[in-house]
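Chemist: Structure supplied as my_file34.cif; contents: mmCIF, C-alpha atoms and all ligand atoms.
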data_coords
#
loop_
_atom_site.group_PDB
_atom_site.id
_atom_site.type_symbol
_atom_site.label_atom_id
_atom_site.label_comp_id
_atom_site.auth_asym_id
_atom_site.auth_seq_id
_atom_site.Cartn_x
_atom_site.Cartn_y
_atom_site.Cartn_z
ATOM 1 C CA MET A 588 -8.734 -8.223 26.954
ATOM 2 C CA SER A 589 -9.670 -6.810 23.619
ATOM 3 C CA ALA A 590 -12.224 -4.213 22.787
ATOM 4 C CA ARG A 591 -14.524 -3.346 19.941
ATOM 5 C CA ALA A 592 -14.556 0.055 18.354
ATOM 6 C CA VAL A 593 -16.659 2.163 16.096
ATOM 7 C CA PHE A 594 -14.211 3.744 13.681
ATOM 8 C CA LEU A 595 -15.599 7.069 12.569
ATOM 9 C CA ASP A 596 -14.498 8.964 9.517
ATOM 10 C CA ARG A 597 -14.473 12.621 10.519
ATOM 11 C CA ASP A 598 -15.556 14.933 7.683
ATOM 12 C CA GLY A 599 -19.054 14.022 6.543
ATOM 13 C CA VAL A 600 -19.714 11.721 9.507
ATOM 14 C CA VAL A 601 -18.793 13.477 12.767
ATOM 15 C CA ASN A 602 -18.895 16.975 11.277
ATOM 16 C CA VAL A 603 -20.399 18.594 8.222
ATOM 17 C CA ASP A 604 -17.937 18.308 5.331
ATOM 18 C CA HIS A 605 -17.428 21.910 4.328
ATOM 19 C CA GLY A 606 -14.251 20.892 2.458
ATOM 20 C CA TYR A 607 -10.803 20.962 4.071
ATOM 21 C CA VAL A 608 -11.984 21.857 7.554
ATOM 22 C CA GLY A 609 -8.793 22.861 9.328
ATOM 23 C CA ARG A 610 -9.866 25.385 11.907
ATOM 24 C CA TRP A 611 -12.362 25.264 14.752
ATOM 25 C CA GLN A 612 -14.442 28.170 13.415
ATOM 26 C CA ASP A 613 -15.182 26.044 10.327
ATOM 27 C CA PHE A 614 -16.027 22.920 12.324
ATOM 28 C CA GLU A 615 -19.707 22.079 12.690
ATOM 29 C CA PHE A 616 -20.874 18.809 14.250
ATOM 30 C CA ALA A 617 -23.241 16.914 11.967
ATOM 31 C CA PRO A 618 -26.872 17.035 13.172
ATOM 32 C CA GLY A 619 -27.387 14.418 15.888
ATOM 33 C CA ALA A 620 -23.818 13.145 15.677
ATOM 34 C CA VAL A 621 -22.755 14.004 19.224
ATOM 35 C CA ASP A 622 -25.817 12.359 20.732
ATOM 36 C CA ALA A 623 -25.325 9.304 18.528
ATOM 37 C CA MET A 624 -21.706 9.029 19.669
ATOM 38 C CA ARG A 625 -22.758 9.297 23.308
ATOM 39 C CA ARG A 626 -25.208 6.448 22.786
ATOM 40 C CA LEU A 627 -22.515 4.317 21.164
ATOM 41 C CA GLN A 628 -20.151 5.025 24.046
ATOM 42 C CA GLU A 629 -22.875 4.034 26.517
ATOM 43 C CA ALA A 630 -23.408 0.790 24.574
ATOM 44 C CA GLY A 631 -19.781 -0.158 25.160
ATOM 45 C CA TRP A 632 -18.121 0.892 21.922
ATOM 46 C CA LEU A 633 -14.802 2.687 21.909
ATOM 47 C CA LEU A 634 -15.001 5.727 19.636
ATOM 48 C CA VAL A 635 -12.032 6.094 17.297
ATOM 49 C CA VAL A 636 -11.766 8.760 14.605
ATOM 50 C CA VAL A 637 -9.763 7.893 11.464
ATOM 51 C CA THR A 638 -9.407 10.806 9.073
ATOM 52 C CA ASN A 639 -7.555 11.767 5.897
ATOM 53 C CA GLN A 640 -6.276 15.329 6.317
ATOM 54 C CA SER A 641 -4.535 16.028 3.021
ATOM 55 C CA GLY A 642 -5.234 19.716 3.656
ATOM 56 C CA ILE A 643 -2.026 19.583 5.696
ATOM 57 C CA ALA A 644 0.030 18.270 2.756
ATOM 58 C CA ARG A 645 -1.717 20.743 0.436
ATOM 59 C CA GLY A 646 -0.766 23.677 2.684
ATOM 60 C CA TYR A 647 -4.378 24.697 3.386
ATOM 61 C CA TYR A 648 -3.779 24.434 7.136
ATOM 62 C CA THR A 649 -0.937 23.265 9.330
ATOM 63 C CA GLU A 650 -0.455 20.254 11.541
ATOM 64 C CA ALA A 651 -0.696 22.671 14.489
ATOM 65 C CA ASP A 652 -4.052 23.986 13.203
ATOM 66 C CA TYR A 653 -5.251 20.408 12.908
ATOM 67 C CA GLN A 654 -4.079 19.538 16.417
ATOM 68 C CA ALA A 655 -5.760 22.625 17.881
ATOM 69 C CA LEU A 656 -9.042 21.723 16.193
ATOM 70 C CA THR A 657 -8.726 18.128 17.369
ATOM 71 C CA ALA A 658 -8.176 19.217 20.977
ATOM 72 C CA ARG A 659 -11.386 21.291 20.853
ATOM 73 C CA MET A 660 -13.323 18.469 19.212
ATOM 74 C CA LYS A 661 -12.147 15.976 21.853
ATOM 75 C CA ALA A 662 -12.994 18.343 24.695
ATOM 76 C CA GLU A 663 -16.502 19.014 23.357
ATOM 77 C CA LEU A 664 -17.190 15.313 22.894
ATOM 78 C CA ALA A 665 -15.832 14.376 26.323
ATOM 79 C CA ALA A 666 -18.013 17.047 27.924
ATOM 80 C CA ALA A 667 -21.018 15.592 26.079
ATOM 81 C CA GLY A 668 -20.386 12.056 27.384
ATOM 82 C CA ALA A 669 -18.819 10.820 24.143
ATOM 83 C CA PRO A 670 -15.075 10.715 24.836
ATOM 84 C CA LEU A 671 -12.854 9.581 21.986
ATOM 85 C CA ALA A 672 -10.506 6.644 22.649
ATOM 86 C CA GLY A 673 -8.286 7.841 19.821
ATOM 87 C CA VAL A 674 -7.985 10.163 16.851
ATOM 88 C CA TYR A 675 -5.766 9.041 13.965
ATOM 89 C CA HIS A 676 -5.057 11.173 10.927
ATOM 90 C CA CYS A 677 -3.122 11.004 7.681
ATOM 91 C CA PRO A 678 -1.493 14.367 6.852
ATOM 92 C CA HIS A 679 -0.042 13.129 3.561
ATOM 93 C CA HIS A 680 -0.794 13.439 -0.122
ATOM 94 C CA PRO A 681 1.453 12.294 -2.970
ATOM 95 C CA GLN A 682 0.983 15.614 -4.787
ATOM 96 C CA GLY A 683 1.119 17.812 -1.708
ATOM 97 C CA SER A 684 2.839 21.185 -1.809
ATOM 98 C CA VAL A 685 4.367 20.843 1.680
ATOM 99 C CA ALA A 686 7.499 18.763 1.149
ATOM 100 C CA ALA A 687 7.423 17.017 4.512
ATOM 101 C CA TYR A 688 3.976 15.566 3.766
ATOM 102 C CA ALA A 689 4.162 15.097 -0.016
ATOM 103 C CA GLN A 690 4.600 11.349 -0.093
ATOM 104 C CA ASP A 691 2.980 8.040 -0.674
ATOM 105 C CA CYS A 692 2.088 6.477 2.645
ATOM 106 C CA ASP A 693 0.311 3.498 4.131
ATOM 107 C CA CYS A 694 -2.144 5.567 6.149
ATOM 108 C CA ARG A 695 -4.150 7.548 3.603
ATOM 109 C CA LYS A 696 -7.460 5.744 3.172
ATOM 110 C CA PRO A 697 -8.215 3.522 1.199
ATOM 111 C CA ALA A 698 -5.025 2.138 2.783
ATOM 112 C CA PRO A 699 -5.690 0.495 6.160
ATOM 113 C CA GLY A 700 -2.765 2.042 8.079
ATOM 114 C CA LEU A 701 -4.743 4.310 10.415
ATOM 115 C CA ILE A 702 -7.101 1.504 11.410
ATOM 116 C CA LEU A 703 -4.282 -0.994 11.939
ATOM 117 C CA ARG A 704 -2.341 1.483 14.066
ATOM 118 C CA ALA A 705 -5.397 2.176 16.216
ATOM 119 C CA ALA A 706 -6.065 -1.538 16.639
ATOM 120 C CA ALA A 707 -2.489 -2.200 17.765
ATOM 121 C CA GLU A 708 -2.346 0.744 20.152
ATOM 122 C CA LEU A 709 -5.818 0.299 21.653
ATOM 123 C CA GLY A 710 -6.008 -3.514 21.644
ATOM 124 C CA LEU A 711 -9.038 -3.684 19.353
ATOM 125 C CA THR A 712 -10.579 -6.773 17.809
ATOM 126 C CA LEU A 713 -11.178 -5.600 14.256
ATOM 127 C CA ALA A 714 -13.606 -8.364 13.344
ATOM 128 C CA ASP A 715 -15.881 -7.184 16.172
ATOM 129 C CA SER A 716 -15.546 -3.540 15.172
ATOM 130 C CA VAL A 717 -17.514 -1.334 12.817
ATOM 131 C CA LEU A 718 -16.526 1.541 10.565
ATOM 132 C CA VAL A 719 -18.822 4.399 9.677
ATOM 133 C CA GLY A 720 -17.661 6.438 6.707
ATOM 134 C CA ASP A 721 -19.066 8.438 3.845
ATOM 135 C CA LYS A 722 -16.857 7.470 0.918
ATOM 136 C CA ALA A 723 -15.769 4.360 -0.923
ATOM 137 C CA SER A 724 -12.211 4.926 0.344
ATOM 138 C CA ASP A 725 -13.474 4.608 3.938
ATOM 139 C CA ALA A 726 -15.172 1.312 3.136
ATOM 140 C CA GLN A 727 -12.119 0.035 1.266
ATOM 141 C CA ALA A 728 -9.809 0.866 4.174
ATOM 142 C CA ALA A 729 -12.124 -0.967 6.571
ATOM 143 C CA ARG A 730 -12.283 -4.041 4.362
ATOM 144 C CA ALA A 731 -8.496 -4.068 3.915
ATOM 145 C CA ALA A 732 -8.034 -3.909 7.688
ATOM 146 C CA GLY A 733 -10.564 -6.663 8.398
ATOM 147 C CA VAL A 734 -13.154 -4.509 10.153
ATOM 148 C CA GLY A 735 -16.256 -6.632 10.706
ATOM 149 C CA ARG A 736 -18.907 -4.252 9.472
ATOM 150 C CA VAL A 737 -19.023 -1.188 7.272
ATOM 151 C CA VAL A 738 -21.779 1.418 7.284
ATOM 152 C CA LEU A 739 -21.792 4.339 4.873
ATOM 153 C CA VAL A 740 -23.623 7.493 5.821
ATOM 154 C CA ALA A 741 -24.366 9.930 3.074
ATOM 155 C CA GLU A 742 -27.400 11.731 1.758
ATOM 156 C CA THR A 743 -26.292 10.379 -1.590
ATOM 157 C CA ALA A 744 -23.948 7.446 -0.982
ATOM 158 C CA ASP A 745 -21.706 6.993 -3.990
ATOM 159 C CA ALA A 746 -22.460 3.805 -5.879
ATOM 160 C CA GLU A 747 -18.950 2.419 -5.499
ATOM 161 C CA GLY A 748 -19.047 2.822 -1.733
ATOM 162 C CA ALA A 749 -22.572 1.503 -1.401
ATOM 163 C CA ALA A 750 -21.537 -1.649 -3.240
ATOM 164 C CA ILE A 751 -18.816 -2.343 -0.656
ATOM 165 C CA ALA A 752 -20.756 -1.375 2.477
ATOM 166 C CA ASP A 753 -22.962 -3.661 4.553
ATOM 167 C CA ALA A 754 -25.487 -0.897 5.095
ATOM 168 C CA VAL A 755 -26.198 2.677 4.038
ATOM 169 C CA ALA A 756 -27.937 5.332 6.126
ATOM 170 C CA PRO A 757 -28.480 9.058 5.647
ATOM 171 C CA SER A 758 -26.392 10.033 8.691
ATOM 172 C CA LEU A 759 -24.554 8.719 11.741
ATOM 173 C CA ALA A 760 -27.569 9.663 13.849
ATOM 174 C CA ALA A 761 -29.877 7.700 11.555
ATOM 175 C CA ALA A 762 -27.543 4.687 11.544
ATOM 176 C CA VAL A 763 -27.527 4.554 15.347
ATOM 177 C CA GLN A 764 -31.263 5.229 15.524
ATOM 178 C CA SER A 765 -32.035 2.312 13.210
ATOM 179 C CA GLY A 766 -29.824 -0.112 15.143
ATOM 180 C CA LEU A 767 -27.238 -0.594 12.411
ATOM 181 C CA LEU A 768 -24.432 -0.411 14.959
ATOM 182 C CA GLN A 769 -25.718 -2.895 17.484
ATOM 183 C CA PRO A 770 -23.034 -5.473 18.334
ATOM 184 C CA SER A 771 -23.217 -8.494 16.107
ATOM 185 C CA ARG A 772 -24.190 -11.708 17.825
ATOM 186 C CA VAL A 773 -21.201 -13.826 18.738
ATOM 187 C CA ILE A 774 -21.466 -17.280 17.225
ATOM 188 C CA PRO A 775 -19.621 -19.963 19.218
ATOM 189 C CA ALA A 776 -16.807 -21.561 17.237
ATOM 190 C CA ALA A 777 -18.360 -25.021 17.522
ATOM 191 C CA VAL A 778 -21.592 -23.847 15.947
ATOM 192 C CA ARG A 779 -19.747 -21.965 13.238
ATOM 193 C CA ALA A 780 -17.663 -25.036 12.382
ATOM 194 C CA SER A 781 -20.753 -27.224 11.928
ATOM 195 C CA THR A 782 -22.505 -24.911 9.506
HETATM 196 MG MG MG A 801 -15.534 11.776 4.892
HETATM 197 ZN ZN ZN A 802 -0.540 9.073 5.369
#
Can you give me the file's structure in the form of structure tokens?
Ligand SMILES: [Mg+2]
Ligand SMILES: [Zn+2]

Modeler:
Amino acid sequence: MSARAVFLDRDGVVNVDHGYVGRWQDFEFAPGAVDAMRRLQEAGWLLVVVTNQSGIARGYYTEADYQALTARMKAELAAAGAPLAGVYHCPHHPQGSVAAYAQDCDCRKPAPGLILRAAAELGLTLADSVLVGDKASDAQAARAAGVGRVVLVAETADAEGAAIADAVAPSLAAAVQSGLLQPSRVIPAAVRAST
């Protein structure tokens, strides 16, 4: 049995992107995001966060800081009826100052590694899944992984990202509100073959 997921970029989608958010006191849910995630969960989507966290490689915060923040974020969302099925992060950056994380990798978006790992571990059907991001690199990672639909949320979506995305909305809350994340209609194979 396979499942469909909404892959959510974290900074700029789930929470306000204050720049290298590594500690809970700097974490602020985006307006309406928690409620939107609860509605998605109720509609049968698994919620999976996929996030670049090069702040770890850059030495701005540690892996332990990140894990502590993530535990709080997961607890808050679960309490609000929007439990996360998974949270996947890339701690790397090729020019990082922390030796253990200063490397090329296959998980830093636009690479598809985080999405592919989530799909394997959670049994997701990527073609039936959606990604919501706020940058071109999010959209590129989704396309490379074979995610069925890509929505960019940004007050000012960058032109490169908007060109790749299927839809653009001002926020996650607005995307859910306007029905952009409703499951796509399944077309029987026989019908598809005859068209
Ligand atoms: Mg982002
Ligand atoms: Zn990585």

Chemist: So, counting all atoms listed in the file, which residue among A:Leu759, A:Val717, A:Leu595, A:Val685 is closest to A:Asn639?

Modeler: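 For A:Asn639, the nearest of the candidates is A:Leu595.
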
Chemist: Around (1.4, 14.0, 2.2) in the file's own coordinates, what residues are found within 7 Å if you use all atoms listed in the file, given back as a PyMOL selection string?

Modeler: chain A and resi 641+644+678-681+683+688-691

Chemist: Could you list the protein, DNA and RNA residues that have any atom within 12 Å of ligand MG 801 (chain A), counting only C-alpha atoms and all ligand atoms, and write them as a PyMOL selection string?

Modeler: chain A and resi 594-608+617+636-641+696-697+718-726+739-741+744-745+748+758-759

Chemist: If the limit is 6 Å from any atom of ligand ZN 802 (chain A), counting only C-alpha atoms and all ligand atoms, which residues qualify? Return them as a list of chain:residue names.

Modeler: A:Cys677, A:Pro678, A:His679, A:Cys692, A:Asp693, A:Cys694, A:Arg695

Chemist: What is the distance between atom CA of A:Gly646 and atom CA of A:Ala731, in Å to one decimal?

Modeler: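 Going from atom CA of A:Gly646 over to atom CA of A:Ala731, I get 28.8 Å.
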
Chemist: Using only C-alpha atoms, which of A:Trp611, A:Leu634, A:Ala756, A:Gly668 sits nearest A:Gln654?

Modeler: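 Going through A:Trp611, A:Leu634, A:Ala756, A:Gly668 one by one, the smallest distance to A:Gln654 is for A:Trp611.
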
Chemist: Apply the PyMOL selection byres (((chain A and resi 702) around 9) and not hetatm) to the displayed file and report the matching residues as a PDB file with C-alpha atoms, in the coordinates of the input.

Modeler:
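Result saved to result-v9.pdb:
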ATOM      1  CA  PHE A 594     -14.211   3.744  13.681  1.00  0.00           C
ATOM      2  CA  VAL A 635     -12.032   6.094  17.297  1.00  0.00           C
ATOM      3  CA  VAL A 637      -9.763   7.893  11.464  1.00  0.00           C
ATOM      4  CA  TYR A 675      -5.766   9.041  13.965  1.00  0.00           C
ATOM      5  CA  CYS A 694      -2.144   5.567   6.149  1.00  0.00           C
ATOM      6  CA  ALA A 698      -5.025   2.138   2.783  1.00  0.00           C
ATOM      7  CA  PRO A 699      -5.690   0.495   6.160  1.00  0.00           C
ATOM      8  CA  GLY A 700      -2.765   2.042   8.079  1.00  0.00           C
ATOM      9  CA  LEU A 701      -4.743   4.310  10.415  1.00  0.00           C
ATOM     10  CA  LEU A 703      -4.282  -0.994  11.939  1.00  0.00           C
ATOM     11  CA  ARG A 704      -2.341   1.483  14.066  1.00  0.00           C
ATOM     12  CA  ALA A 705      -5.397   2.176  16.216  1.00  0.00           C
ATOM     13  CA  ALA A 706      -6.065  -1.538  16.639  1.00  0.00           C
ATOM     14  CA  ALA A 707      -2.489  -2.200  17.765  1.00  0.00           C
ATOM     15  CA  LEU A 713     -11.178  -5.600  14.256  1.00  0.00           C
ATOM     16  CA  ALA A 728      -9.809   0.866   4.174  1.00  0.00           C
ATOM     17  CA  ALA A 729     -12.124  -0.967   6.571  1.00  0.00           C
ATOM     18  CA  ALA A 732      -8.034  -3.909   7.688  1.00  0.00           C
ATOM     19  CA  VAL A 734     -13.154  -4.509  10.153  1.00  0.00           C
TER      20      VAL A 734
END

Chemist: What is the atom CA of A:Trp632-atom CA of A:Ala754 distance in Å, reported with one decimal?

Modeler: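 For atom CA of A:Trp632 relative to atom CA of A:Ala754, the distance reads 18.5 Å.
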
Chemist: Quote the spacing between atom CA of A:Tyr653 and atom CA of A:His676 in Å to one decimal place.

Modeler: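 Taking atom CA of A:Tyr653 as the start and atom CA of A:His676 as the end point, the length is 9.4 Å.
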
Chemist: My list of candidates is A:Gln612, A:Ser589, A:Thr649, A:Gln727. Which is closest to A:Ala687 when distances are computed with only C-alpha atoms?

Modeler: A:Thr649

Chemist: Please list as a ChimeraX atom specification every residue within 10 Å of A:Thr712, counting only C-alpha atoms and excluding residues in the same chain fewer than 2 positions away.

Modeler: /A:588-592,706-707,709-710,714-716,733-735

Chemist: Under the rule that only C-alpha atoms are counted, which of A:Ala752, A:Val621, A:Ala655, A:Ala666 is the nearest residue to A:Val738?

Modeler: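 Selected residue with least distance to A:Val738: A:Ala752.
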
Chemist: Write out as a ChimeraX atom specification the residues lying within 10 Å of A:Lys661, counting only C-alpha atoms and excluding same-chain residues fewer than 3 positions away.

Modeler: /A:656-658,664-667,669-674

Chemist: Output as a compact mmCIF listing (two decimals), in the frame of the given file: stretch 664-675 of chain A, completed with N, CA and C atoms.

Modeler:
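Result file is result-v8.txt:
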# COMPACT_ATOMS: atom_id res chain seq x y z
N LEU A 664 -16.58 16.65 22.86
CA LEU A 664 -17.19 15.31 22.89
C LEU A 664 -17.11 14.71 24.30
N ALA A 665 -15.97 14.91 24.96
CA ALA A 665 -15.83 14.38 26.32
C ALA A 665 -16.86 15.02 27.25
N ALA A 666 -17.04 16.33 27.09
CA ALA A 666 -18.01 17.05 27.92
C ALA A 666 -19.43 16.57 27.66
N ALA A 667 -19.68 16.06 26.46
CA ALA A 667 -21.02 15.59 26.08
C ALA A 667 -21.21 14.11 26.38
N GLY A 668 -20.24 13.47 27.04
CA GLY A 668 -20.39 12.06 27.38
C GLY A 668 -20.01 11.13 26.25
N ALA A 669 -19.24 11.64 25.29
CA ALA A 669 -18.82 10.82 24.14
C ALA A 669 -17.31 10.94 23.94
N PRO A 670 -16.53 10.55 24.96
CA PRO A 670 -15.08 10.72 24.84
C PRO A 670 -14.49 9.81 23.75
N LEU A 671 -13.51 10.36 23.03
CA LEU A 671 -12.85 9.58 21.99
C LEU A 671 -11.71 8.76 22.60
N ALA A 672 -11.62 7.49 22.20
CA ALA A 672 -10.51 6.64 22.65
C ALA A 672 -9.25 6.95 21.85
N GLY A 673 -9.44 7.49 20.64
CA GLY A 673 -8.29 7.84 19.82
C GLY A 673 -8.71 8.63 18.60
N VAL A 674 -7.78 9.43 18.11
CA VAL A 674 -7.98 10.16 16.85
C VAL A 674 -6.73 9.95 16.01
N TYR A 675 -6.90 9.35 14.84
CA TYR A 675 -5.77 9.04 13.96
C TYR A 675 -5.97 9.75 12.63
